[in-house]
Structure formats: structure tokens, C-alpha cells
Amino acid sequence: MSWNVNSIRARHGRVIDWLRRHEPDIALLQETKCSDAVFAAGGFVDDCAALGYAVAHHGRDHWNGVAILSRVGLVDVCRGFPGPNRPPFDEARLIGATCAGLRVWSLYAPNGRTLADSHYLFKLVWFERLRATVAAAADVHVLAGDFNVAPTDLDIYDPVRWRRLTHASPPERAAVAALGDIGLRDVTREHLPDAGVFTWWSYRPGQVERNNGLRIDLALCSPPAADRVQRVWIDGDERRAVLASDHAPLVLDLAD
DNA sequence: ATGGTCGTGTAACGA
């Protein structure tokens, strides 16, 4: 399961409740929006432990923040990219770990803000470093999280409107496609090929009801992992709940 | 074409 929770403090109860109901082996969280110290003090780790989950978190301040929860082992934790993470790569956007022989990465890509913003250029550079990192590794990977890119027009409720916004530009799409070029497969699209499949809906009124969403949360799998995926589903009920994140959980069922 | 809402060092800012 992968889920941008938009603040673990705001979503603490909903996340624990979701884990209790669905019992995923591995949960990849994004946008915890807190430092490691605040995360450790908030009681979330204890609540996870009571459900049998080990937890690894990477957070530096009140922005970004990523985590991996696992009840099938959690070793070789890597916070940030391998090697130096000098600014702006010091933002907490990536954490990796090995769980039950699977190398999983929870990622929160830069938003980009606007096509004219320097943050947009950082987004493209960040994706290139991600690609190089995966290309250099030998493990079986599941790379999941908030990519902040809608890979095709099918992933946007109104592609024309989004043509002048970030998340849909050709360079952003090329950055995601480059991950496909090194063998990673977008398993959501393999299992859910239809239009109207989204993972994010704005908090603004009426967006959820009209299914005005984007598919920007992805699970990219290396071939051995992708071949194990039996089902992919998106928990829209969670997004429609009171006090929900603006992102829905993205769930993969893997064969043993 | 604009604005609508959430989240975060309660004040702009980020998404």
C-alpha cells in the first residue's frame, strides 16, 4: 500500500484505522509533514508496533517526510538518495528499505509549483537522480508514492485545463517514461486501464463528487515484482471519508 | 475566467 497522508498528525487515527482494517504487509507513506523527532514523539510508532509493524521514517522539518511500515521485515533502510544529499536534495522525499526480499522505495516527488518556477527545474533534476539511482541498483524494486506527474492525458479529468500547469508537461512525463525505459512497469495501468482512474482529488468543493481527479500516485515495479501483482485497487472510500487526505491509498496485492 | 479547501512554525505559504 502507498498513501500520501498529508500530515501524519492530522491523519494519525485514520491511518491506524486503515491498517487495522486492511492489514497490508507493507505501507509506504508520504507527506508525514514532520521531523523524525516529532514523528517519534507522536505515538504513531507505538500504535503501529501494537499492530505488528516496524517503522522507518525520514523527516527533517514540517514539510515532506516519508515512511515505510512493514510487518514482514524492515532492513537496510536508506534515507534520501545513496551518497551525499546536499541542498536541495536534503528535503525528505525518499526512503528505501528491504522488506521480505523486496527493495521498496517510498517517494514524494517535488510538486513543481508552476512551469516557470525554479522548483519545477529541481523536480526534473530530482527525477533524473531517481532514475540513475534505480538504474545503478540490482534489487527487485517497488517504487511507489506521490510522483506529482500524471503520465498521460488519461490520468487527468480535464487534460486541456492542465496543459498550462505542472504535473502534465512533456518534460515531466519524459522523466516518468525514463523510469519505464529502465524496466519499471506502471502496474496500476496494467490492471486498471480505463479512464477516470485517479488517486488525488482537490479538497475544493465538488471535486470528489465529479471525479475531478488526477492519477499522480504511482507504483512502478521491476519485472519480477510486477509479475507478482495480482490486483491493484485505489481506496476511494478513504478519500470520501470525513477528515480524509486529498490522496487515496493505492494498494497492490502481490502473490507469494 | 475565477475561486473554491486543506495542511503547516497562526501568517503567509505550499499543495
# chains A, B, ... in the order shown; residues from 1 in each chain; ligands from 1

$ closest_atom_pairs --of "region 99-208 of chain A" --to "chain B" --cutoff "8 Å" --atoms "only C-alpha atoms (C1' of nucleotides)" --output "JSON lines"
{"residue": "A:Asn111", "atom": "CA", "partner": "B:DA15", "partner_atom": "C1'", "distance": 7.7}
{"residue": "A:Ser202", "atom": "CA", "partner": "B:DT5", "partner_atom": "C1'", "distance": 7.9}
{"residue": "A:Tyr203", "atom": "CA", "partner": "B:DT5", "partner_atom": "C1'", "distance": 5.0}
{"residue": "A:Arg204", "atom": "CA", "partner": "B:DT5", "partner_atom": "C1'", "distance": 4.8}
{"residue": "A:Pro205", "atom": "CA", "partner": "B:DG4", "partner_atom": "C1'", "distance": 6.4}

$ write_last_selection --atoms "N, CA and C atoms" --output "mmCIF file, in the first residue's frame"
data_model
loop_
_atom_site.group_PDB
_atom_site.id
_atom_site.type_symbol
_atom_site.label_atom_id
_atom_site.label_comp_id
_atom_site.auth_asym_id
_atom_site.auth_seq_id
_atom_site.Cartn_x
_atom_site.Cartn_y
_atom_site.Cartn_z
ATOM 1 N N ASN A 111 6.751 18.998 -6.136
ATOM 2 C CA ASN A 111 5.495 19.376 -6.803
ATOM 3 C C ASN A 111 5.742 20.117 -8.117
ATOM 4 N N SER A 202 -8.697 17.321 -5.486
ATOM 5 C CA SER A 202 -8.546 18.557 -4.708
ATOM 6 C C SER A 202 -9.541 18.583 -3.553
ATOM 7 N N TYR A 203 -9.151 19.286 -2.483
ATOM 8 C CA TYR A 203 -10.049 19.478 -1.348
ATOM 9 C C TYR A 203 -11.207 20.421 -1.692
ATOM 10 N N ARG A 204 -11.095 21.134 -2.797
ATOM 11 C CA ARG A 204 -12.123 22.127 -3.094
ATOM 12 C C ARG A 204 -13.460 21.452 -3.368
ATOM 13 N N PRO A 205 -14.543 22.140 -3.032
ATOM 14 C CA PRO A 205 -15.867 21.505 -3.060
ATOM 15 C C PRO A 205 -16.229 20.958 -4.440
#

$ interface_residues --of "chain A" --to "chain B" --cutoff "10 Å" --atoms "only C-alpha atoms (C1' of nucleotides)" --output "VMD selection string"
chain A and resid 6 to 7 10 33 to 34 61 to 63 111 113 202 to 207 243 to 246

$ residues_around --residues "Ala248 (chain A)" --least-positions-apart "4" --cutoff "12 Å" --atoms "only C-alpha atoms (C1' of nucleotides)" --output "PDB file with N, CA and C atoms, in the first residue's frame"
ATOM      1  N   MET A   1       0.844  -1.187   0.000  1.00  0.00           N
ATOM      2  CA  MET A   1       0.000   0.000   0.000  1.00  0.00           C
ATOM      3  C   MET A   1       0.884   1.244   0.000  1.00  0.00           C
ATOM      4  N   SER A   2       0.478   2.240  -0.780  1.00  0.00           N
ATOM      5  CA  SER A   2       1.165   3.528  -0.806  1.00  0.00           C
ATOM      6  C   SER A   2       0.132   4.630  -0.647  1.00  0.00           C
ATOM      7  N   TRP A   3       0.468   5.636   0.211  1.00  0.00           N
ATOM      8  CA  TRP A   3      -0.553   6.628   0.549  1.00  0.00           C
ATOM      9  C   TRP A   3       0.122   7.938   0.958  1.00  0.00           C
ATOM     10  N   ASN A   4      -0.203   8.988   0.237  1.00  0.00           N
ATOM     11  CA  ASN A   4       0.180  10.327   0.677  1.00  0.00           C
ATOM     12  C   ASN A   4      -0.854  10.763   1.711  1.00  0.00           C
ATOM     13  N   VAL A   5      -0.433  10.818   2.985  1.00  0.00           N
ATOM     14  CA  VAL A   5      -1.384  11.041   4.080  1.00  0.00           C
ATOM     15  C   VAL A   5      -1.610  12.516   4.389  1.00  0.00           C
ATOM     16  N   ASN A   6      -0.795  13.401   3.811  1.00  0.00           N
ATOM     17  CA  ASN A   6      -0.925  14.849   4.046  1.00  0.00           C
ATOM     18  C   ASN A   6      -0.999  15.168   5.546  1.00  0.00           C
ATOM     19  N   ARG A  14      -6.794   7.958  11.254  1.00  0.00           N
ATOM     20  CA  ARG A  14      -7.302   7.349  10.016  1.00  0.00           C
ATOM     21  C   ARG A  14      -6.305   6.318   9.476  1.00  0.00           C
ATOM     22  N   VAL A  15      -5.005   6.612   9.590  1.00  0.00           N
ATOM     23  CA  VAL A  15      -4.010   5.660   9.084  1.00  0.00           C
ATOM     24  C   VAL A  15      -4.018   4.387   9.918  1.00  0.00           C
ATOM     25  N   TRP A  18      -7.035   2.427   9.099  1.00  0.00           N
ATOM     26  CA  TRP A  18      -6.915   1.784   7.780  1.00  0.00           C
ATOM     27  C   TRP A  18      -6.048   0.524   7.877  1.00  0.00           C
ATOM     28  N   LEU A  29       4.295   5.501   3.150  1.00  0.00           N
ATOM     29  CA  LEU A  29       3.580   6.747   3.404  1.00  0.00           C
ATOM     30  C   LEU A  29       4.399   7.929   2.905  1.00  0.00           C
ATOM     31  N   GLN A  30       3.665   8.973   2.495  1.00  0.00           N
ATOM     32  CA  GLN A  30       4.309  10.203   2.052  1.00  0.00           C
ATOM     33  C   GLN A  30       3.635  11.413   2.705  1.00  0.00           C
ATOM     34  N   GLY A 145       4.681   5.934  -4.593  1.00  0.00           N
ATOM     35  CA  GLY A 145       4.497   7.186  -3.879  1.00  0.00           C
ATOM     36  C   GLY A 145       3.824   8.233  -4.735  1.00  0.00           C
ATOM     37  N   ASP A 146       3.978   9.464  -4.279  1.00  0.00           N
ATOM     38  CA  ASP A 146       3.385  10.609  -4.964  1.00  0.00           C
ATOM     39  C   ASP A 146       4.406  11.156  -5.952  1.00  0.00           C
ATOM     40  N   VAL A 197      -9.614   6.734 -13.617  1.00  0.00           N
ATOM     41  CA  VAL A 197      -8.901   6.107 -12.504  1.00  0.00           C
ATOM     42  C   VAL A 197      -7.929   7.131 -11.924  1.00  0.00           C
ATOM     43  N   PHE A 198      -8.227   7.633 -10.740  1.00  0.00           N
ATOM     44  CA  PHE A 198      -7.419   8.690 -10.129  1.00  0.00           C
ATOM     45  C   PHE A 198      -7.027   8.333  -8.705  1.00  0.00           C
ATOM     46  N   THR A 199      -6.006   9.057  -8.205  1.00  0.00           N
ATOM     47  CA  THR A 199      -5.560   8.854  -6.815  1.00  0.00           C
ATOM     48  C   THR A 199      -5.625  10.118  -5.991  1.00  0.00           C
ATOM     49  N   TRP A 200      -5.809  11.241  -6.649  1.00  0.00           N
ATOM     50  CA  TRP A 200      -5.841  12.539  -5.948  1.00  0.00           C
ATOM     51  C   TRP A 200      -7.010  13.368  -6.452  1.00  0.00           C
ATOM     52  N   TRP A 201      -7.700  13.978  -5.487  1.00  0.00           N
ATOM     53  CA  TRP A 201      -8.776  14.919  -5.801  1.00  0.00           C
ATOM     54  C   TRP A 201      -8.584  16.133  -4.912  1.00  0.00           C
ATOM     55  N   SER A 202      -8.697  17.321  -5.486  1.00  0.00           N
ATOM     56  CA  SER A 202      -8.546  18.557  -4.708  1.00  0.00           C
ATOM     57  C   SER A 202      -9.541  18.583  -3.553  1.00  0.00           C
ATOM     58  N   VAL A 208     -14.412  15.785  -5.686  1.00  0.00           N
ATOM     59  CA  VAL A 208     -14.549  14.342  -5.494  1.00  0.00           C
ATOM     60  C   VAL A 208     -15.851  13.853  -6.129  1.00  0.00           C
ATOM     61  N   GLY A 213     -10.261  14.330 -10.758  1.00  0.00           N
ATOM     62  CA  GLY A 213      -9.036  13.904 -10.096  1.00  0.00           C
ATOM     63  C   GLY A 213      -7.863  13.755 -11.042  1.00  0.00           C
ATOM     64  N   LEU A 214      -6.743  13.388 -10.448  1.00  0.00           N
ATOM     65  CA  LEU A 214      -5.521  13.079 -11.187  1.00  0.00           C
ATOM     66  C   LEU A 214      -4.992  11.737 -10.719  1.00  0.00           C
ATOM     67  N   ARG A 215      -4.305  11.038 -11.608  1.00  0.00           N
ATOM     68  CA  ARG A 215      -3.553   9.844 -11.179  1.00  0.00           C
ATOM     69  C   ARG A 215      -2.087  10.240 -11.117  1.00  0.00           C
ATOM     70  N   ILE A 216      -1.670  10.670  -9.932  1.00  0.00           N
ATOM     71  CA  ILE A 216      -0.286  11.122  -9.734  1.00  0.00           C
ATOM     72  C   ILE A 216       0.452  10.251  -8.728  1.00  0.00           C
ATOM     73  N   ASP A 217      -0.252   9.353  -8.071  1.00  0.00           N
ATOM     74  CA  ASP A 217       0.389   8.381  -7.180  1.00  0.00           C
ATOM     75  C   ASP A 217       0.551   7.085  -7.971  1.00  0.00           C
ATOM     76  N   LEU A 218       1.780   6.642  -8.079  1.00  0.00           N
ATOM     77  CA  LEU A 218       2.092   5.505  -8.947  1.00  0.00           C
ATOM     78  C   LEU A 218       2.816   4.423  -8.156  1.00  0.00           C
ATOM     79  N   TRP A 233      -5.793  -1.760  -6.583  1.00  0.00           N
ATOM     80  CA  TRP A 233      -7.025  -1.015  -6.335  1.00  0.00           C
ATOM     81  C   TRP A 233      -6.719   0.277  -5.591  1.00  0.00           C
ATOM     82  N   ILE A 234      -7.624   1.227  -5.746  1.00  0.00           N
ATOM     83  CA  ILE A 234      -7.490   2.551  -5.146  1.00  0.00           C
ATOM     84  C   ILE A 234      -8.667   2.745  -4.199  1.00  0.00           C
ATOM     85  N   ASP A 235      -8.372   3.093  -2.947  1.00  0.00           N
ATOM     86  CA  ASP A 235      -9.424   3.169  -1.935  1.00  0.00           C
ATOM     87  C   ASP A 235     -10.126   4.534  -1.948  1.00  0.00           C
ATOM     88  N   GLY A 236     -11.046   4.689  -2.889  1.00  0.00           N
ATOM     89  CA  GLY A 236     -11.814   5.923  -2.996  1.00  0.00           C
ATOM     90  C   GLY A 236     -12.685   6.191  -1.782  1.00  0.00           C
ATOM     91  N   ASP A 237     -13.111   5.128  -1.102  1.00  0.00           N
ATOM     92  CA  ASP A 237     -13.915   5.331   0.116  1.00  0.00           C
ATOM     93  C   ASP A 237     -13.133   6.120   1.158  1.00  0.00           C
ATOM     94  N   GLU A 238     -11.835   5.819   1.257  1.00  0.00           N
ATOM     95  CA  GLU A 238     -10.998   6.544   2.217  1.00  0.00           C
ATOM     96  C   GLU A 238     -10.942   8.034   1.858  1.00  0.00           C
ATOM     97  N   ARG A 239     -10.833   8.341   0.569  1.00  0.00           N
ATOM     98  CA  ARG A 239     -10.790   9.752   0.148  1.00  0.00           C
ATOM     99  C   ARG A 239     -12.116  10.459   0.447  1.00  0.00           C
ATOM    100  N   ARG A 240     -13.225   9.738   0.398  1.00  0.00           N
ATOM    101  CA  ARG A 240     -14.539  10.343   0.637  1.00  0.00           C
ATOM    102  C   ARG A 240     -14.879  10.450   2.123  1.00  0.00           C
ATOM    103  N   ALA A 241     -14.037   9.911   2.980  1.00  0.00           N
ATOM    104  CA  ALA A 241     -14.329   9.925   4.412  1.00  0.00           C
ATOM    105  C   ALA A 241     -14.152  11.327   5.001  1.00  0.00           C
ATOM    106  N   ALA A 244     -10.353  13.257   5.586  1.00  0.00           N
ATOM    107  CA  ALA A 244      -9.506  12.465   4.699  1.00  0.00           C
ATOM    108  C   ALA A 244      -8.307  13.268   4.205  1.00  0.00           C
TER     109      ALA A 244
END

$ atom_distance --atom1 "CA of Phe39 (chain A)" --atom2 "CA of Ile95 (chain A)"
14.9 Å

$ residues_around --residues "Pro159 (chain A)" --least-positions-apart "3" --cutoff "12 Å" --atoms "only C-alpha atoms (C1' of nucleotides)" --output "list in words"
Ala150, Pro151, Thr152, Asp153, Leu154, Asp155, Ile156, Trp162, Arg163, Arg164, Leu165, Thr166, His167, Ala168, Ser169, Gly196, Asn212, Gly213, Leu214 and Arg215 of chain A

$ atom_distance --atom1 "CA of Thr98 (chain A)" --atom2 "CA of Pro24 (chain A)"
15.6 Å

$ atom_distance --atom1 "CA of His191 (chain A)" --atom2 "CA of Leu252 (chain A)"
10.0 Å

$ select_by_dssp --residues "region 166-230 of chain A" --states "strand (DSSP E or B)" --output "list in words"
Arg185, Asp186, Trp200, Trp201, Gly213, Leu214, Asp217, Leu218, Ala219, Leu220, Cys221, Val229 and Gln230 of chain A

$ write_last_selection --atoms "N, CA and C atoms" --output "mmCIF file, in the first residue's frame"
data_model
loop_
_atom_site.group_PDB
_atom_site.id
_atom_site.type_symbol
_atom_site.label_atom_id
_atom_site.label_comp_id
_atom_site.auth_asym_id
_atom_site.auth_seq_id
_atom_site.Cartn_x
_atom_site.Cartn_y
_atom_site.Cartn_z
ATOM 1 N N ARG A 185 7.614 -0.966 -14.419
ATOM 2 C CA ARG A 185 6.282 -1.040 -15.017
ATOM 3 C C ARG A 185 5.230 -0.391 -14.127
ATOM 4 N N ASP A 186 4.383 0.408 -14.757
ATOM 5 C CA ASP A 186 3.290 1.103 -14.078
ATOM 6 C C ASP A 186 2.153 0.103 -13.894
ATOM 7 N N TRP A 200 -5.809 11.241 -6.649
ATOM 8 C CA TRP A 200 -5.841 12.539 -5.948
ATOM 9 C C TRP A 200 -7.010 13.368 -6.452
ATOM 10 N N TRP A 201 -7.700 13.978 -5.487
ATOM 11 C CA TRP A 201 -8.776 14.919 -5.801
ATOM 12 C C TRP A 201 -8.584 16.133 -4.912
ATOM 13 N N GLY A 213 -10.261 14.330 -10.758
ATOM 14 C CA GLY A 213 -9.036 13.904 -10.096
ATOM 15 C C GLY A 213 -7.863 13.755 -11.042
ATOM 16 N N LEU A 214 -6.743 13.388 -10.448
ATOM 17 C CA LEU A 214 -5.521 13.079 -11.187
ATOM 18 C C LEU A 214 -4.992 11.737 -10.719
ATOM 19 N N ASP A 217 -0.252 9.353 -8.071
ATOM 20 C CA ASP A 217 0.389 8.381 -7.180
ATOM 21 C C ASP A 217 0.551 7.085 -7.971
ATOM 22 N N LEU A 218 1.780 6.642 -8.079
ATOM 23 C CA LEU A 218 2.092 5.505 -8.947
ATOM 24 C C LEU A 218 2.816 4.423 -8.156
ATOM 25 N N ALA A 219 2.742 3.214 -8.669
ATOM 26 C CA ALA A 219 3.565 2.108 -8.180
ATOM 27 C C ALA A 219 4.303 1.551 -9.385
ATOM 28 N N LEU A 220 5.597 1.795 -9.429
ATOM 29 C CA LEU A 220 6.424 1.307 -10.533
ATOM 30 C C LEU A 220 7.210 0.101 -10.036
ATOM 31 N N CYS A 221 7.097 -0.993 -10.756
ATOM 32 C CA CYS A 221 7.701 -2.251 -10.310
ATOM 33 C C CYS A 221 8.664 -2.800 -11.345
ATOM 34 N N VAL A 229 2.125 -9.058 -9.177
ATOM 35 C CA VAL A 229 0.949 -8.250 -8.847
ATOM 36 C C VAL A 229 -0.314 -8.918 -9.384
ATOM 37 N N GLN A 230 -1.233 -9.245 -8.462
ATOM 38 C CA GLN A 230 -2.473 -9.914 -8.861
ATOM 39 C C GLN A 230 -3.623 -8.942 -8.997
#

$ residues_around --residues "region 50-56 of chain A" --least-positions-apart "5" --cutoff "10 Å" --atoms "only C-alpha atoms (C1' of nucleotides)" --output "PyMOL selection string"
chain A and resi 16+19-20+23-28+36+40+44-45+66-75+77-79+95-97

$ select_by_dssp --residues "region 6-253 of chain A" --states "alpha helix (DSSP H)" --output "ChimeraX atom specification"
/A:8-22,36-41,44-50,118-136,170-181,187-191,223-226,236-240

$ write_last_selection --atoms "C-alpha atoms" --output "compact mmCIF listing (two decimals), in the first residue's frame"
# COMPACT_ATOMS: atom_id res chain seq x y z
CA ILE A 8 0.62 12.12 9.94
CA ARG A 9 -0.52 14.24 12.90
CA ALA A 10 -3.73 15.17 11.09
CA ARG A 11 -4.18 11.60 9.80
CA HIS A 12 -2.85 9.52 12.71
CA GLY A 13 -6.19 7.95 13.60
CA ARG A 14 -7.30 7.35 10.02
CA VAL A 15 -4.01 5.66 9.08
CA ILE A 16 -4.06 3.36 12.11
CA ASP A 17 -7.70 2.53 11.43
CA TRP A 18 -6.91 1.78 7.78
CA LEU A 19 -4.04 -0.54 8.76
CA ARG A 20 -6.28 -2.33 11.25
CA ARG A 21 -8.98 -2.90 8.64
CA HIS A 22 -6.81 -3.85 5.66
CA ASP A 36 11.94 12.40 12.91
CA ALA A 37 11.77 13.76 16.48
CA VAL A 38 8.15 14.89 16.18
CA PHE A 39 7.26 11.65 14.43
CA ALA A 40 8.83 9.57 17.21
CA ALA A 41 7.09 11.56 19.96
CA PHE A 44 2.15 6.73 15.85
CA VAL A 45 5.11 4.34 16.02
CA ASP A 46 3.70 2.75 19.19
CA ASP A 47 0.29 2.31 17.60
CA CYS A 48 1.97 0.68 14.58
CA ALA A 49 4.00 -1.62 16.82
CA ALA A 50 0.80 -2.77 18.51
CA SER A 118 12.82 27.07 -10.19
CA HIS A 119 11.19 24.30 -8.15
CA TYR A 120 9.98 22.85 -11.45
CA LEU A 121 13.59 22.53 -12.64
CA PHE A 122 14.52 20.89 -9.33
CA LYS A 123 11.70 18.41 -9.93
CA LEU A 124 13.23 17.36 -13.25
CA VAL A 125 16.72 17.06 -11.75
CA TRP A 126 15.31 15.06 -8.85
CA PHE A 127 13.69 12.59 -11.22
CA GLU A 128 16.93 12.19 -13.16
CA ARG A 129 18.76 11.32 -9.94
CA LEU A 130 15.99 8.87 -9.08
CA ARG A 131 16.37 7.20 -12.46
CA ALA A 132 20.15 6.96 -12.11
CA THR A 133 19.79 5.51 -8.61
CA VAL A 134 17.40 2.77 -9.71
CA ALA A 135 19.41 2.04 -12.84
CA ALA A 136 22.54 1.51 -10.74
CA PRO A 170 6.23 16.84 -21.68
CA PRO A 171 9.48 17.05 -19.64
CA GLU A 172 7.74 15.73 -16.52
CA ARG A 173 6.17 12.92 -18.49
CA ALA A 174 9.51 12.14 -20.10
CA ALA A 175 11.04 11.87 -16.61
CA VAL A 176 8.49 9.21 -15.63
CA ALA A 177 8.75 7.48 -19.01
CA ALA A 178 12.53 7.25 -18.48
CA LEU A 179 11.82 5.06 -15.43
CA GLY A 180 9.84 2.83 -17.75
CA ASP A 181 12.78 2.73 -20.14
CA VAL A 187 1.25 -1.74 -12.60
CA THR A 188 -1.81 0.43 -11.92
CA ARG A 189 -2.33 0.95 -15.63
CA GLU A 190 -1.70 -2.72 -16.37
CA HIS A 191 -4.57 -3.66 -14.06
CA PRO A 223 9.59 -7.05 -13.87
CA PRO A 224 9.87 -9.76 -11.15
CA ALA A 225 7.76 -7.66 -8.78
CA ALA A 226 5.31 -6.59 -11.48
CA GLY A 236 -11.81 5.92 -3.00
CA ASP A 237 -13.92 5.33 0.12
CA GLU A 238 -11.00 6.54 2.22
CA ARG A 239 -10.79 9.75 0.15
CA ARG A 240 -14.54 10.34 0.64
